[in-house]
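K.L.:
One structure, pasted below without further comment.
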Amino acid sequence: MHLFWEHGYEATSLAMLREAMGLTPPQIYNAFTDKETLFRRALTRYHQTEIGFALQALGAPVPTGEAVRRLLLGAAEAYSRPGKPGGCLFVSGALAASPQAQAIADELKGYRKASEAAIAERLAKGRAVGDLPEGLSIEGFAKYLAGVMNGMSIQARDGASAEELRNLAQTALAALPVEGQNQGV
């Protein structure tokens with residue numbers, strides 16, 4: 001998982017995987033069929049082990065503004081953890097995919113779209129209880145927040161510190177609509 005996270009799908013070679021796993025190429029293929037299957041298993045593991053911050057933030061019984069704050073600040077911490085590759089595997093795994101890897105790029109896009117949909121769902125719940133103004137475009141604001149998180153991931157890949165990512169998150173939080181809220185931000 002870490003190799004794919006650090007280098008992306010296409011740049012992670014069979015030799016790198018062999019060295020990291022201590023397996024021969026036939027053993028790798030017997031266990032996983034092919035590199036694409038191994039990558040998909042890495043995505044599943046990443047989803048299970050690395051995005052808990054987002055699930056907790058979006059599911060917390062707190063006002064919407066606080067949930068969004070937790071989401072963005074959680075991303076700042078998760079994307080810059082010591083001992084882990086910077087950023088998010090769902091963002092960096094196949095940014096520059098060749099036509100041969102289009103299925104992988106599409107799968108990663110699916111994960112990103114699912115994240116955006118989860119954000120939109122949380123925003124819609126917030127609007128329903130009066131946390132957000134009625135006129136707010138839920139889909140548009142969810143896309144904005146997902147875009148901020150994607151940008152934070154790329155910044156982390158480029159070496160941004162947790163503090164720099166927290167500052168970016170705080171700047172993005174200034175866009176959170178506050179008028180019309182009845183439960184505070």
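Ordering of the structure tokens sets the chain letters (A, B, ...); residue numbers start at 1 within each chain; ligands are numbered from 1 in the order shown.
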Could you give me, as a ChimeraX atom specification, the residues within 12 Å of Leu145 of chain A, counting only C-alpha atoms and dropping anything in the same chain fewer than 6 positions from it?

P.N.:
/A:67-69,71-73,75,112-113,115-120,122-123,138-139,151-152,168-176

K.L.:
So which residues touch segment 100-106 of chain A within 9 Å, counting only C-alpha atoms, skipping near sequence neighbours fewer than 4 positions away, as a list in words?

P.N.:
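Residues near the query, excluding close chain neighbours: Tyr9, Glu10, Glu36, Phe39, Arg40, Gly93, Ala94, Leu95, Ala96, Gly110 and Tyr111 of chain A.
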
K.L.:
Would you work out the distance separating atom CA of Leu38 of chain A from atom CA of Met21 of chain A, expressed in Å to one decimal?

P.N.:
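Computed distance, atom CA of Leu38 of chain A to atom CA of Met21 of chain A, equals 11.6 Å.
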
K.L.:
Could you produce a table of the residues of segment 22-54 of chain A lying within 10 Å of segment 76-80 of chain A, with the nearest pair of atoms per residue and their separation in Å rounded to one decimal, using only C-alpha atoms, ordered by chain and increasing residue number, as a tab-separated table?

P.N.:
residue	atom	partner	partner_atom	distance
A:Glu50	CA	A:Ala78	CA	7.6
A:Ile51	CA	A:Ala78	CA	8.0
A:Gly52	CA	A:Ala78	CA	9.4
A:Phe53	CA	A:Ala78	CA	7.6
A:Ala54	CA	A:Ala78	CA	9.6

K.L.:
Output N, CA, C and O atoms for every residue in that selection, as a PDB file, in the first residue's frame.

P.N.:
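Output file again15.pdb is given in full below:
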ATOM      1  N   GLU A  50      -6.904   4.360   6.617  1.00  0.00           N
ATOM      2  CA  GLU A  50      -6.338   5.706   6.556  1.00  0.00           C
ATOM      3  C   GLU A  50      -7.350   6.851   6.488  1.00  0.00           C
ATOM      4  O   GLU A  50      -6.956   7.998   6.614  1.00  0.00           O
ATOM      5  N   ILE A  51      -8.616   6.585   6.273  1.00  0.00           N
ATOM      6  CA  ILE A  51      -9.559   7.700   6.130  1.00  0.00           C
ATOM      7  C   ILE A  51     -10.551   7.798   7.287  1.00  0.00           C
ATOM      8  O   ILE A  51     -11.575   8.451   7.181  1.00  0.00           O
ATOM      9  N   GLY A  52     -10.203   7.180   8.392  1.00  0.00           N
ATOM     10  CA  GLY A  52     -11.066   7.244   9.567  1.00  0.00           C
ATOM     11  C   GLY A  52     -11.373   8.667   9.998  1.00  0.00           C
ATOM     12  O   GLY A  52     -12.479   8.967  10.469  1.00  0.00           O
ATOM     13  N   PHE A  53     -10.413   9.566   9.841  1.00  0.00           N
ATOM     14  CA  PHE A  53     -10.634  10.970  10.229  1.00  0.00           C
ATOM     15  C   PHE A  53     -11.845  11.549   9.501  1.00  0.00           C
ATOM     16  O   PHE A  53     -12.628  12.296  10.083  1.00  0.00           O
ATOM     17  N   ALA A  54     -11.992  11.223   8.226  1.00  0.00           N
ATOM     18  CA  ALA A  54     -13.092  11.774   7.429  1.00  0.00           C
ATOM     19  C   ALA A  54     -14.428  11.173   7.861  1.00  0.00           C
ATOM     20  O   ALA A  54     -15.422  11.890   8.015  1.00  0.00           O
TER      21      ALA A  54
END

K.L.:
Write down as a PyMOL selection string the residues belonging to segment 38-132 of chain A that are assigned helix (DSSP H, G or I) by DSSP computed on the backbone.

P.N.:
chain A and resi 38-50+52-59+64-78+89-92+99-128

K.L.:
What lies within 6 Å of segment 82-90 of chain A using only C-alpha atoms, ignoring chain neighbours under 2 positions off, as an MDAnalysis selection string?

P.N.:
chainID A and resid 5:6 79:80 92:93 108 153 156:157
